[in-house]
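S.K.: As input, take query34.cif (mmCIF, C-alpha atoms and all ligand atoms):
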```
data_coords
loop_
_atom_site.group_PDB
_atom_site.id
_atom_site.type_symbol
_atom_site.label_atom_id
_atom_site.label_comp_id
_atom_site.auth_asym_id
_atom_site.auth_seq_id
_atom_site.Cartn_x
_atom_site.Cartn_y
_atom_site.Cartn_z
ATOM 1 C CA MET N 2 -278.217 67.410 -88.504
ATOM 2 C CA ALA N 3 -280.368 70.222 -89.838
ATOM 3 C CA LYS N 4 -281.081 70.040 -93.534
ATOM 4 C CA SER N 5 -281.019 73.029 -95.842
ATOM 5 C CA LYS N 6 -284.063 73.861 -97.903
ATOM 6 C CA PHE N 7 -282.044 72.848 -100.957
ATOM 7 C CA GLU N 8 -281.729 69.249 -99.832
ATOM 8 C CA TYR N 9 -284.735 68.181 -101.923
ATOM 9 C CA VAL N 10 -282.648 68.392 -105.136
ATOM 10 C CA ARG N 11 -281.163 65.016 -104.204
ATOM 11 C CA ASP N 12 -284.516 63.445 -105.062
ATOM 12 C CA PHE N 13 -283.825 64.217 -108.711
ATOM 13 C CA GLU N 14 -280.904 61.772 -108.768
ATOM 14 C CA ALA N 15 -281.940 58.636 -110.639
ATOM 15 C CA ASP N 16 -281.282 55.232 -109.121
ATOM 16 C CA ASP N 17 -278.823 53.277 -111.248
ATOM 17 C CA THR N 18 -278.201 50.199 -109.110
ATOM 18 C CA CYS N 19 -277.114 47.214 -111.204
ATOM 19 C CA LEU N 20 -279.375 44.173 -110.959
ATOM 20 C CA PRO N 21 -278.101 41.649 -108.351
ATOM 21 C CA ASN N 22 -276.375 38.424 -109.387
ATOM 22 C CA CYS N 23 -275.349 39.683 -112.808
ATOM 23 C CA TRP N 24 -271.901 40.066 -114.255
ATOM 24 C CA ILE N 25 -271.197 43.769 -114.686
ATOM 25 C CA VAL N 26 -269.181 44.520 -117.803
ATOM 26 C CA VAL N 27 -267.666 47.928 -118.495
ATOM 27 C CA ARG N 28 -266.255 48.344 -122.002
ATOM 28 C CA LEU N 29 -264.246 51.415 -122.897
ATOM 29 C CA ASP N 30 -263.029 52.476 -126.318
ATOM 30 C CA GLY N 31 -260.638 55.174 -127.540
ATOM 31 C CA ARG N 32 -262.356 58.258 -128.934
ATOM 32 C CA ASN N 33 -261.510 58.790 -132.595
ATOM 33 C CA PHE N 34 -258.407 56.625 -132.429
ATOM 34 C CA HIS N 35 -258.404 56.545 -136.203
ATOM 35 C CA ARG N 36 -257.067 60.099 -136.000
ATOM 36 C CA PHE N 37 -255.128 59.555 -132.747
ATOM 37 C CA SER N 38 -253.210 56.590 -134.207
ATOM 38 C CA GLU N 39 -252.384 58.534 -137.393
ATOM 39 C CA GLN N 40 -251.178 61.621 -135.519
ATOM 40 C CA HIS N 41 -249.002 59.555 -133.200
ATOM 41 C CA GLU N 42 -247.635 57.437 -136.039
ATOM 42 C CA PHE N 43 -248.845 54.075 -134.757
ATOM 43 C CA LYS N 44 -247.356 51.197 -136.730
ATOM 44 C CA LYS N 45 -249.955 49.611 -139.018
ATOM 45 C CA PRO N 46 -251.898 47.491 -138.432
ATOM 46 C CA ASN N 47 -250.518 46.726 -134.946
ATOM 47 C CA ASP N 48 -248.342 48.945 -132.814
ATOM 48 C CA ASP N 49 -246.762 47.074 -129.891
ATOM 49 C CA ARG N 50 -246.235 50.301 -127.931
ATOM 50 C CA ALA N 51 -249.915 51.193 -128.165
ATOM 51 C CA LEU N 52 -251.129 47.678 -127.333
ATOM 52 C CA HIS N 53 -248.777 47.340 -124.354
ATOM 53 C CA LEU N 54 -249.769 50.782 -123.062
ATOM 54 C CA MET N 55 -253.465 49.805 -123.252
ATOM 55 C CA THR N 56 -252.670 46.669 -121.238
ATOM 56 C CA LYS N 57 -250.638 48.597 -118.647
ATOM 57 C CA CYS N 58 -253.648 50.918 -118.135
ATOM 58 C CA ALA N 59 -256.011 47.947 -117.823
ATOM 59 C CA GLN N 60 -253.703 46.312 -115.249
ATOM 60 C CA THR N 61 -253.748 49.559 -113.279
ATOM 61 C CA VAL N 62 -257.553 49.617 -113.387
ATOM 62 C CA MET N 63 -257.730 46.018 -112.098
ATOM 63 C CA GLU N 64 -255.244 46.686 -109.325
ATOM 64 C CA GLU N 65 -256.678 50.037 -108.203
ATOM 65 C CA LEU N 66 -260.384 49.199 -108.343
ATOM 66 C CA GLU N 67 -262.231 46.400 -106.575
ATOM 67 C CA ASP N 68 -263.797 43.141 -107.695
ATOM 68 C CA ILE N 69 -262.644 42.833 -111.319
ATOM 69 C CA ALA N 70 -262.436 39.119 -112.165
ATOM 70 C CA ILE N 71 -261.130 39.314 -115.750
ATOM 71 C CA ALA N 72 -260.472 41.879 -118.475
ATOM 72 C CA TYR N 73 -260.131 41.531 -122.228
ATOM 73 C CA GLY N 74 -258.633 44.035 -124.656
ATOM 74 C CA GLN N 75 -257.870 44.516 -128.348
ATOM 75 C CA SER N 76 -257.261 47.522 -130.599
ATOM 76 C CA ASP N 77 -258.375 50.668 -128.694
ATOM 77 C CA GLU N 78 -260.848 48.888 -126.399
ATOM 78 C CA TYR N 79 -260.867 47.041 -123.072
ATOM 79 C CA SER N 80 -263.681 45.199 -121.278
ATOM 80 C CA PHE N 81 -263.678 44.785 -117.490
ATOM 81 C CA VAL N 82 -265.819 42.136 -115.824
ATOM 82 C CA PHE N 83 -266.891 42.776 -112.236
ATOM 83 C CA LYS N 84 -267.813 39.813 -110.049
ATOM 84 C CA LYS N 85 -271.473 38.840 -109.893
ATOM 85 C CA LYS N 86 -271.556 39.294 -106.141
ATOM 86 C CA SER N 87 -269.711 42.606 -106.046
ATOM 87 C CA ARG N 88 -271.115 45.119 -103.560
ATOM 88 C CA TRP N 89 -268.667 47.848 -104.597
ATOM 89 C CA PHE N 90 -270.336 51.281 -104.383
ATOM 90 C CA LYS N 91 -273.623 49.483 -103.766
ATOM 91 C CA ARG N 92 -273.476 48.363 -107.420
ATOM 92 C CA ARG N 93 -274.104 51.863 -108.751
ATOM 93 C CA ALA N 94 -273.557 51.734 -112.524
ATOM 94 C CA SER N 95 -272.253 55.296 -112.790
ATOM 95 C CA LYS N 96 -269.585 54.617 -110.159
ATOM 96 C CA PHE N 97 -268.321 51.506 -111.971
ATOM 97 C CA MET N 98 -268.288 53.143 -115.362
ATOM 98 C CA THR N 99 -266.743 56.472 -114.405
ATOM 99 C CA HIS N 100 -264.079 55.009 -112.116
ATOM 100 C CA VAL N 101 -262.990 52.554 -114.815
ATOM 101 C CA VAL N 102 -262.813 55.081 -117.621
ATOM 102 C CA SER N 103 -261.184 57.894 -115.639
ATOM 103 C CA GLN N 104 -258.566 55.596 -114.065
ATOM 104 C CA PHE N 105 -257.807 54.203 -117.513
ATOM 105 C CA ALA N 106 -257.553 57.601 -119.218
ATOM 106 C CA SER N 107 -255.295 59.126 -116.552
ATOM 107 C CA SER N 108 -253.094 56.003 -116.684
ATOM 108 C CA TYR N 109 -252.858 56.329 -120.481
ATOM 109 C CA VAL N 110 -251.376 59.800 -120.129
ATOM 110 C CA PHE N 111 -249.319 58.919 -117.024
ATOM 111 C CA TYR N 112 -247.622 55.890 -118.594
ATOM 112 C CA TRP N 113 -247.457 57.211 -122.191
ATOM 113 C CA LYS N 114 -243.747 58.106 -122.074
ATOM 114 C CA ASP N 115 -242.767 54.662 -120.730
ATOM 115 C CA TYR N 116 -244.016 53.102 -123.953
ATOM 116 C CA PHE N 117 -243.700 55.843 -126.583
ATOM 117 C CA LYS N 118 -240.319 57.275 -125.443
ATOM 118 C CA ASP N 119 -239.498 60.129 -127.873
ATOM 119 C CA GLN N 120 -242.947 60.199 -129.470
ATOM 120 C CA GLN N 121 -244.632 63.145 -127.742
ATOM 121 C CA LEU N 122 -248.246 62.953 -126.683
ATOM 122 C CA LEU N 123 -249.738 65.645 -128.907
ATOM 123 C CA TYR N 124 -253.165 66.082 -127.342
ATOM 124 C CA PRO N 125 -255.219 64.571 -124.513
ATOM 125 C CA PRO N 126 -256.890 61.308 -125.584
ATOM 126 C CA GLY N 127 -260.451 60.477 -124.545
ATOM 127 C CA PHE N 128 -262.338 57.218 -124.000
ATOM 128 C CA ASP N 129 -266.021 56.397 -123.974
ATOM 129 C CA ALA N 130 -267.521 53.680 -121.804
ATOM 130 C CA ARG N 131 -270.681 51.638 -121.564
ATOM 131 C CA ILE N 132 -271.992 49.178 -119.038
ATOM 132 C CA VAL N 133 -273.807 45.940 -119.798
ATOM 133 C CA LEU N 134 -275.160 43.301 -117.382
ATOM 134 C CA TYR N 135 -275.043 39.598 -118.193
ATOM 135 C CA PRO N 136 -277.201 37.280 -116.090
ATOM 136 C CA SER N 137 -275.609 33.918 -116.960
ATOM 137 C CA ASN N 138 -272.090 32.567 -117.258
ATOM 138 C CA GLN N 139 -272.863 31.533 -120.827
ATOM 139 C CA ASN N 140 -273.912 35.098 -121.686
ATOM 140 C CA LEU N 141 -270.657 36.399 -120.252
ATOM 141 C CA LYS N 142 -268.561 33.836 -122.128
ATOM 142 C CA ASP N 143 -270.438 34.676 -125.321
ATOM 143 C CA TYR N 144 -269.801 38.387 -124.752
ATOM 144 C CA LEU N 145 -266.053 37.799 -124.408
ATOM 145 C CA SER N 146 -266.104 35.413 -127.396
ATOM 146 C CA TRP N 147 -267.802 38.144 -129.429
ATOM 147 C CA ARG N 148 -265.001 40.602 -128.644
ATOM 148 C CA GLN N 149 -262.299 38.021 -129.448
ATOM 149 C CA ALA N 150 -264.010 37.039 -132.700
ATOM 150 C CA ASP N 151 -264.110 40.749 -133.581
ATOM 151 C CA CYS N 152 -260.362 40.945 -132.895
ATOM 152 C CA HIS N 153 -259.722 38.011 -135.215
ATOM 153 C CA ILE N 154 -261.900 39.316 -138.063
ATOM 154 C CA ASN N 155 -260.431 42.828 -137.926
ATOM 155 C CA ASN N 156 -256.855 41.676 -137.528
ATOM 156 C CA LEU N 157 -257.000 39.249 -140.445
ATOM 157 C CA TYR N 158 -258.543 41.941 -142.656
ATOM 158 C CA ASN N 159 -256.062 44.619 -141.535
ATOM 159 C CA THR N 160 -253.054 42.319 -141.939
ATOM 160 C CA VAL N 161 -253.901 41.583 -145.591
ATOM 161 C CA PHE N 162 -255.036 45.144 -146.284
ATOM 162 C CA TRP N 163 -251.760 46.705 -145.120
ATOM 163 C CA MET N 164 -249.695 44.058 -146.928
ATOM 164 C CA LEU N 165 -251.458 44.948 -150.172
ATOM 165 C CA VAL N 166 -250.823 48.650 -149.545
ATOM 166 C CA GLN N 167 -247.302 48.512 -148.107
ATOM 167 C CA ARG N 168 -245.811 45.624 -150.101
ATOM 168 C CA SER N 169 -247.817 45.508 -153.320
ATOM 169 C CA GLY N 170 -248.210 49.265 -153.656
ATOM 170 C CA LEU N 171 -252.001 49.214 -153.983
ATOM 171 C CA THR N 172 -253.868 52.356 -152.973
ATOM 172 C CA PRO N 173 -256.178 51.921 -149.957
ATOM 173 C CA VAL N 174 -259.173 51.997 -152.329
ATOM 174 C CA GLN N 175 -257.634 49.309 -154.561
ATOM 175 C CA ALA N 176 -256.841 47.143 -151.523
ATOM 176 C CA GLN N 177 -260.388 47.554 -150.252
ATOM 177 C CA ASP N 178 -261.782 46.551 -153.676
ATOM 178 C CA ARG N 179 -259.491 43.532 -153.797
ATOM 179 C CA LEU N 180 -260.778 42.328 -150.414
ATOM 180 C CA GLN N 181 -264.435 43.054 -151.100
ATOM 181 C CA GLY N 182 -266.456 39.856 -150.624
ATOM 182 C CA THR N 183 -263.466 37.661 -149.697
ATOM 183 C CA LEU N 184 -263.828 35.033 -146.980
ATOM 184 C CA ALA N 185 -261.293 34.208 -144.249
ATOM 185 C CA GLY N 186 -259.853 31.393 -146.398
ATOM 186 C CA ASP N 187 -259.290 33.770 -149.324
ATOM 187 C CA LYS N 188 -257.459 36.240 -147.094
ATOM 188 C CA ASN N 189 -255.265 33.486 -145.663
ATOM 189 C CA GLU N 190 -254.492 32.404 -149.227
ATOM 190 C CA ILE N 191 -253.512 35.928 -150.350
ATOM 191 C CA LEU N 192 -251.188 36.236 -147.355
ATOM 192 C CA PHE N 193 -249.605 32.857 -148.068
ATOM 193 C CA SER N 194 -249.302 32.933 -151.847
ATOM 194 C CA GLU N 195 -248.417 36.611 -152.315
ATOM 195 C CA PHE N 196 -246.502 37.434 -149.154
ATOM 196 C CA ASN N 197 -245.336 34.051 -147.878
ATOM 197 C CA ILE N 198 -247.071 34.701 -144.573
ATOM 198 C CA ASN N 199 -248.776 31.976 -142.607
ATOM 199 C CA TYR N 200 -251.394 33.921 -140.651
ATOM 200 C CA ASN N 201 -251.259 31.377 -137.826
ATOM 201 C CA ASN N 202 -247.654 32.378 -137.197
ATOM 202 C CA GLU N 203 -248.536 36.039 -136.652
ATOM 203 C CA PRO N 204 -248.058 37.142 -133.009
ATOM 204 C CA LEU N 205 -250.724 35.802 -130.646
ATOM 205 C CA MET N 206 -251.263 39.260 -129.134
ATOM 206 C CA TYR N 207 -252.419 40.537 -132.543
ATOM 207 C CA ARG N 208 -254.606 37.529 -133.327
ATOM 208 C CA LYS N 209 -256.138 36.873 -129.897
ATOM 209 C CA GLY N 210 -255.954 40.196 -128.067
ATOM 210 C CA THR N 211 -255.049 40.310 -124.365
ATOM 211 C CA VAL N 212 -256.743 38.568 -121.450
ATOM 212 C CA LEU N 213 -255.951 39.809 -117.947
ATOM 213 C CA VAL N 214 -256.376 37.348 -115.082
ATOM 214 C CA TRP N 215 -255.338 37.180 -111.446
ATOM 215 C CA GLN N 216 -252.578 34.661 -110.843
ATOM 216 C CA LYS N 217 -250.588 33.606 -107.814
ATOM 217 C CA VAL N 218 -246.918 34.200 -108.465
ATOM 218 C CA ASN N 219 -243.912 33.511 -106.278
ATOM 219 C CA GLU N 220 -241.693 36.500 -105.734
ATOM 220 C CA VAL N 221 -238.196 36.142 -104.350
ATOM 221 C CA THR N 222 -236.999 39.162 -102.407
ATOM 222 C CA THR N 223 -234.199 39.759 -99.940
ATOM 223 C CA LYS N 224 -234.819 40.758 -96.381
ATOM 224 C CA LYS N 225 -232.481 41.794 -93.573
ATOM 225 C CA ILE N 226 -233.011 39.857 -90.359
ATOM 226 C CA LYS N 227 -231.176 39.664 -87.063
ATOM 227 C CA LEU N 228 -230.548 36.135 -85.855
ATOM 228 C CA PRO N 229 -230.625 35.629 -82.038
ATOM 229 C CA LYS N 230 -227.003 34.684 -81.482
ATOM 230 C CA GLU N 231 -225.433 36.852 -84.140
ATOM 231 C CA ALA N 232 -224.368 40.427 -83.716
ATOM 232 C CA GLU N 233 -225.034 41.675 -87.232
ATOM 233 C CA GLU N 234 -228.062 41.652 -89.472
ATOM 234 C CA LYS N 235 -228.021 39.053 -92.227
ATOM 235 C CA GLU N 236 -229.570 39.281 -95.658
ATOM 236 C CA VAL N 237 -231.778 36.295 -96.456
ATOM 237 C CA GLU N 238 -233.907 35.374 -99.439
ATOM 238 C CA VAL N 239 -237.635 35.099 -98.803
ATOM 239 C CA THR N 240 -240.246 33.762 -101.178
ATOM 240 C CA ARG N 241 -243.641 35.416 -101.007
ATOM 241 C CA THR N 242 -246.756 34.413 -102.872
ATOM 242 C CA ARG N 243 -248.555 37.394 -104.352
ATOM 243 C CA THR N 244 -251.669 37.608 -106.475
ATOM 244 C CA LYS N 245 -250.907 39.634 -109.576
ATOM 245 C CA VAL N 246 -252.633 40.642 -112.779
ATOM 246 C CA VAL N 247 -251.081 38.635 -115.602
ATOM 247 C CA PRO N 248 -251.564 39.186 -119.367
ATOM 248 C CA LEU N 249 -252.330 36.154 -121.559
ATOM 249 C CA HIS N 250 -252.792 35.962 -125.312
ATOM 250 C CA CYS N 251 -254.884 32.847 -125.622
ATOM 251 C CA ASP N 252 -258.168 31.588 -126.995
ATOM 252 C CA ILE N 253 -261.121 32.308 -124.709
ATOM 253 C CA ILE N 254 -263.831 31.090 -127.100
ATOM 254 C CA GLY N 255 -263.263 27.364 -126.498
ATOM 255 C CA ASP N 256 -263.778 25.556 -123.172
ATOM 256 C CA GLN N 257 -260.107 24.997 -122.398
ATOM 257 C CA PHE N 258 -259.472 28.461 -120.982
ATOM 258 C CA TRP N 259 -262.473 28.251 -118.640
ATOM 259 C CA GLU N 260 -261.446 24.787 -117.467
ATOM 260 C CA GLU N 261 -257.962 26.089 -116.740
ATOM 261 C CA TYR N 262 -259.242 29.101 -114.776
ATOM 262 C CA PRO N 263 -262.413 27.830 -113.040
ATOM 263 C CA GLU N 264 -262.086 30.459 -110.275
ATOM 264 C CA ILE N 265 -263.078 33.265 -112.681
ATOM 265 C CA LEU N 266 -266.652 32.010 -112.994
ATOM 266 C CA ALA N 267 -266.881 30.381 -109.560
ATOM 267 C CA GLU N 268 -270.020 31.293 -107.578
ATOM 268 C CA ASP N 269 -267.980 32.822 -104.777
ATOM 269 C CA SER N 270 -265.698 34.602 -107.270
HETATM 270 P P1 LIG N 301 -264.739 55.942 -132.156
HETATM 271 O O1 LIG N 301 -264.334 54.760 -131.336
HETATM 272 O O2 LIG N 301 -266.101 55.786 -132.723
HETATM 273 O O3 LIG N 301 -264.552 57.250 -131.448
HETATM 274 O O4 LIG N 301 -263.747 56.027 -133.428
HETATM 275 P P2 LIG N 301 -262.360 55.257 -133.654
HETATM 276 O O5 LIG N 301 -261.646 55.978 -134.747
HETATM 277 O O6 LIG N 301 -261.625 55.083 -132.378
HETATM 278 O O7 LIG N 301 -262.850 53.850 -134.215
HETATM 279 P P3 LIG N 301 -262.706 52.366 -133.651
HETATM 280 O O8 LIG N 301 -262.658 52.325 -132.175
HETATM 281 O O9 LIG N 301 -263.802 51.569 -134.312
HETATM 282 O O10 LIG N 301 -261.357 51.860 -134.278
HETATM 283 C C1 LIG N 301 -260.128 51.911 -133.664
HETATM 284 C C2 LIG N 301 -259.156 52.747 -134.463
HETATM 285 O O11 LIG N 301 -257.904 52.760 -133.775
HETATM 286 C C3 LIG N 301 -258.895 52.224 -135.870
HETATM 287 O O12 LIG N 301 -258.930 53.302 -136.782
HETATM 288 C C4 LIG N 301 -257.476 51.689 -135.818
HETATM 289 C C5 LIG N 301 -256.863 52.407 -134.645
HETATM 290 N N1 LIG N 301 -255.912 51.536 -133.947
HETATM 291 C C6 LIG N 301 -256.098 50.819 -132.818
HETATM 292 N N2 LIG N 301 -254.989 50.112 -132.518
HETATM 293 C C7 LIG N 301 -254.083 50.392 -133.484
HETATM 294 C C8 LIG N 301 -252.746 49.984 -133.749
HETATM 295 O O13 LIG N 301 -252.126 49.195 -133.006
HETATM 296 N N3 LIG N 301 -252.130 50.494 -134.873
HETATM 297 C C9 LIG N 301 -252.772 51.371 -135.692
HETATM 298 N N4 LIG N 301 -252.124 51.837 -136.776
HETATM 299 N N5 LIG N 301 -254.033 51.786 -135.476
HETATM 300 C C10 LIG N 301 -254.671 51.299 -134.389
HETATM 301 MG MG MG N 302 -262.378 53.921 -130.846
HETATM 302 MG MG MG N 303 -262.460 50.437 -131.088
#
```
Now that the file is in, can you turn its structure into structure tokens?
Ligand code: DGT
Ligand code: MG
Ligand code: MG

M.R.:
Amino acid sequence: MAKSKFEYVRDFEADDTCLPNCWIVVRLDGRNFHRFSEQHEFKKPNDDRALHLMTKCAQTVMEELEDIAIAYGQSDEYSFVFKKKSRWFKRRASKFMTHVVSQFASSYVFYWKDYFKDQQLLYPPGFDARIVLYPSNQNLKDYLSWRQADCHINNLYNTVFWMLVQRSGLTPVQAQDRLQGTLAGDKNEILFSEFNINYNNEPLMYRKGTVLVWQKVNEVTTKKIKLPKEAEEKEVEVTRTRTKVVPLHCDIIGDQFWEEYPEILAEDS
């Protein structure tokens, strides 16, 4: 096919192929969700509607795109881990990043009303994204541990902070001063002695975030079939095994999770 004289502009496109044999992680994060959560009256410090909507969007991303082995989310962020051996879009970083973030953002708007009901979406939310490559399984596990540790630190702080504000009537500045320099043990103690809250009994989704994995599940459906010697169709129950994206709220820092789901890190994953 004849080429136009303009064809040379293609040469200006930079190569952004991800290094082979590395885990490709795309992390997205809500843009200015401090304001977004205020304007949409998110419950403090955790709003179930918002957290479930984030997870619905992440499930959609995993189901619509190829080769995502695991995802982890908390607050206004989600990380997606593409398989080491993925050949999707010839491993072009921009394709991975833009497909993830655009699919997620359109899902956020599309599914908003299913979670927020009467709470109108007041303006279009945005998300940023970055891509990071991890060459070893240990690096990848440490990355995910880092995000879950961040979830724990922030959630413990926010839980005490909002108790001090909402129940003890402290101003945000007073609550911040009260928590200045406190360790995890001190925060647990404030929760227990002043508010009768055992932090370990707080919902797992708040404390651990959400892990999305592929799991085989049995689905029972009904099907109409015509038996050879019978005149009419009969409805029968059939069990089908499907692989679905399932949310978990568990520890991923220790070894137990990885022993339970060895297929995530498997070489041929
Ligand atoms: P950024 O990411 O630099 O554009 O700015 P932000 O404001 O999104 O900052 P970030 O991502 O560090 O913090 C997340 C914000 O989202 C934080 O202000 C709290 C808010 N947020 C996330 N989930 C919830 C929730 O369930 N309830 C409430 N009340 N706020 C939430
Ligand atoms: Mg944000
Ligand atoms: Mg964030």

S.K.: Go through N:Phe117, N:Phe111, N:Trp163, N:Phe128 one by one, measure the shortest atom-to-atom distance of each to N:Met98 using only C-alpha atoms, and give the residue with the smallest value.

M.R.: N:Phe128

S.K.: Contacts of stretch 234-238 of chain N at 10 Å or less, counting all atoms listed in the file, minus same-chain residues fewer than 6 places along, as a list in words?

M.R.: Val221, Thr222, Thr223, Lys224, Lys225, Ile226, Lys227 and Leu228 of chain N

S.K.: Please expand the PyMOL selection byres (((not hetatm)) within 7 of (chain N and resi 303)) into the concrete residues it hits in this file, giving the result as a list of chain:residue names.

M.R.: N:Asp30, N:Gly31, N:Ser76, N:Asp77, N:Glu78

S.K.: Counting all atoms listed in the file, figure out which residue out of N:Asn201, N:Asn155, N:Ser146, N:Gln60 gets nearest to N:Trp215.

M.R.: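 Distance minimum relative to N:Trp215 lands on N:Gln60.
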
S.K.: Please identify all polymer residues within 10 Å of stretch 105-107 of chain N, counting all atoms listed in the file, omitting same-chain residues fewer than 3 positions from it, and present them as number ranges by chain.

M.R.: N: 29, 31, 55-63, 79, 99-102, 110-113, 125-129

S.K.: Which chain N residues have any atom within 9 Å of an atom of ligand LIG 301 (chain N), and for each, what is the nearest pair of atoms with distance in Å to one decimal, counting only C-alpha atoms and all ligand atoms, rows sorted by chain and number, as JSON lines?

M.R.:
```
{"residue": "N:Asp30", "atom": "CA", "partner": "N:LIG301", "partner_atom": "O1", "distance": 5.7}
{"residue": "N:Gly31", "atom": "CA", "partner": "N:LIG301", "partner_atom": "O6", "distance": 4.9}
{"residue": "N:Arg32", "atom": "CA", "partner": "N:LIG301", "partner_atom": "O3", "distance": 3.5}
{"residue": "N:Asn33", "atom": "CA", "partner": "N:LIG301", "partner_atom": "O5", "distance": 3.5}
{"residue": "N:Phe34", "atom": "CA", "partner": "N:LIG301", "partner_atom": "O6", "distance": 3.6}
{"residue": "N:His35", "atom": "CA", "partner": "N:LIG301", "partner_atom": "O12", "distance": 3.3}
{"residue": "N:Arg36", "atom": "CA", "partner": "N:LIG301", "partner_atom": "O5", "distance": 6.3}
{"residue": "N:Phe37", "atom": "CA", "partner": "N:LIG301", "partner_atom": "O11", "distance": 7.4}
{"residue": "N:Ser38", "atom": "CA", "partner": "N:LIG301", "partner_atom": "N5", "distance": 5.0}
{"residue": "N:Glu39", "atom": "CA", "partner": "N:LIG301", "partner_atom": "N4", "distance": 6.7}
{"residue": "N:Glu42", "atom": "CA", "partner": "N:LIG301", "partner_atom": "N4", "distance": 7.2}
{"residue": "N:Phe43", "atom": "CA", "partner": "N:LIG301", "partner_atom": "N4", "distance": 4.5}
{"residue": "N:Lys44", "atom": "CA", "partner": "N:LIG301", "partner_atom": "N4", "distance": 4.8}
{"residue": "N:Lys45", "atom": "CA", "partner": "N:LIG301", "partner_atom": "N4", "distance": 3.8}
{"residue": "N:Pro46", "atom": "CA", "partner": "N:LIG301", "partner_atom": "N4", "distance": 4.7}
{"residue": "N:Asn47", "atom": "CA", "partner": "N:LIG301", "partner_atom": "O13", "distance": 3.5}
{"residue": "N:Asp48", "atom": "CA", "partner": "N:LIG301", "partner_atom": "O13", "distance": 3.8}
{"residue": "N:Asp49", "atom": "CA", "partner": "N:LIG301", "partner_atom": "O13", "distance": 6.6}
{"residue": "N:Arg50", "atom": "CA", "partner": "N:LIG301", "partner_atom": "O13", "distance": 7.9}
{"residue": "N:Ala51", "atom": "CA", "partner": "N:LIG301", "partner_atom": "O13", "distance": 5.7}
{"residue": "N:Leu52", "atom": "CA", "partner": "N:LIG301", "partner_atom": "O13", "distance": 6.0}
{"residue": "N:Gln75", "atom": "CA", "partner": "N:LIG301", "partner_atom": "N2", "distance": 7.6}
{"residue": "N:Ser76", "atom": "CA", "partner": "N:LIG301", "partner_atom": "N2", "distance": 3.9}
{"residue": "N:Asp77", "atom": "CA", "partner": "N:LIG301", "partner_atom": "C6", "distance": 4.7}
{"residue": "N:Glu78", "atom": "CA", "partner": "N:LIG301", "partner_atom": "O8", "distance": 7.0}
{"residue": "N:Gly127", "atom": "CA", "partner": "N:LIG301", "partner_atom": "O3", "distance": 8.7}
{"residue": "N:Phe128", "atom": "CA", "partner": "N:LIG301", "partner_atom": "O3", "distance": 7.8}
{"residue": "N:Asp129", "atom": "CA", "partner": "N:LIG301", "partner_atom": "O3", "distance": 7.7}
{"residue": "N:Tyr207", "atom": "CA", "partner": "N:LIG301", "partner_atom": "O13", "distance": 8.7}
```

S.K.: May I ask which of the residues N:Ser95, N:Lys142, N:Val218, N:Arg88 is the closest one to N:Ala130, counting all atoms listed in the file?

M.R.: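 Closest to N:Ala130 of all the choices is N:Ser95.
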
S.K.: Give me, as a PyMOL selection string, all polymer residues having an atom no more than 12 Å from stretch 13-18 of chain N, counting only C-alpha atoms and skipping those fewer than 4 positions away in the same chain.

M.R.: chain N and resi 7-9+22-23+25+87-98+132+134

S.K.: So which residues get picked by the PyMOL selection byres (((chain N and resi 165-179) around 12) and not hetatm) here, written as a PyMOL selection string?

M.R.: chain N and resi 44-46+158-164+180-184+187-188+191-192+195-197

S.K.: With C-alpha atoms retained, could you export that selection as a PDB file, in the coordinates of the input?

M.R.:
```
ATOM      1  CA  LYS N  44    -247.356  51.197-136.730  1.00  0.00           C
ATOM      2  CA  LYS N  45    -249.955  49.611-139.018  1.00  0.00           C
ATOM      3  CA  PRO N  46    -251.898  47.491-138.432  1.00  0.00           C
ATOM      4  CA  TYR N 158    -258.543  41.941-142.656  1.00  0.00           C
ATOM      5  CA  ASN N 159    -256.062  44.619-141.535  1.00  0.00           C
ATOM      6  CA  THR N 160    -253.054  42.319-141.939  1.00  0.00           C
ATOM      7  CA  VAL N 161    -253.901  41.583-145.591  1.00  0.00           C
ATOM      8  CA  PHE N 162    -255.036  45.144-146.284  1.00  0.00           C
ATOM      9  CA  TRP N 163    -251.760  46.705-145.120  1.00  0.00           C
ATOM     10  CA  MET N 164    -249.695  44.058-146.928  1.00  0.00           C
ATOM     11  CA  LEU N 180    -260.778  42.328-150.414  1.00  0.00           C
ATOM     12  CA  GLN N 181    -264.435  43.054-151.100  1.00  0.00           C
ATOM     13  CA  GLY N 182    -266.456  39.856-150.624  1.00  0.00           C
ATOM     14  CA  THR N 183    -263.466  37.661-149.697  1.00  0.00           C
ATOM     15  CA  LEU N 184    -263.828  35.033-146.980  1.00  0.00           C
ATOM     16  CA  ASP N 187    -259.290  33.770-149.324  1.00  0.00           C
ATOM     17  CA  LYS N 188    -257.459  36.240-147.094  1.00  0.00           C
ATOM     18  CA  ILE N 191    -253.512  35.928-150.350  1.00  0.00           C
ATOM     19  CA  LEU N 192    -251.188  36.236-147.355  1.00  0.00           C
ATOM     20  CA  GLU N 195    -248.417  36.611-152.315  1.00  0.00           C
ATOM     21  CA  PHE N 196    -246.502  37.434-149.154  1.00  0.00           C
ATOM     22  CA  ASN N 197    -245.336  34.051-147.878  1.00  0.00           C
TER      23      ASN N 197
END
```

S.K.: What does the structure give for the distance between atom CA of N:Asp269 and atom CA of N:Lys85, in Å to one decimal?

M.R.: 8.6 Å

S.K.: Taking the file as shown, what set of residues would the PyMOL selection byres (((chain N and resi 209) around 9) and not hetatm) give back, as a list in words?

M.R.: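 This file gives the following for the PyMOL selection byres (((chain N and resi 209) around 9) and not hetatm): Gln75, Gln149, Ala150, Cys152, His153, Pro204, Leu205, Met206, Tyr207, Arg208, Gly210, Thr211, Val212, His250, Cys251, Asp252 and Ile253 of chain N.
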
S.K.: Please, what distance in Å, to one decimal, runs between atom CA of N:Phe83 and atom CA of N:Ile69?

M.R.: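 Here the two named atoms are 4.3 Å from each other.
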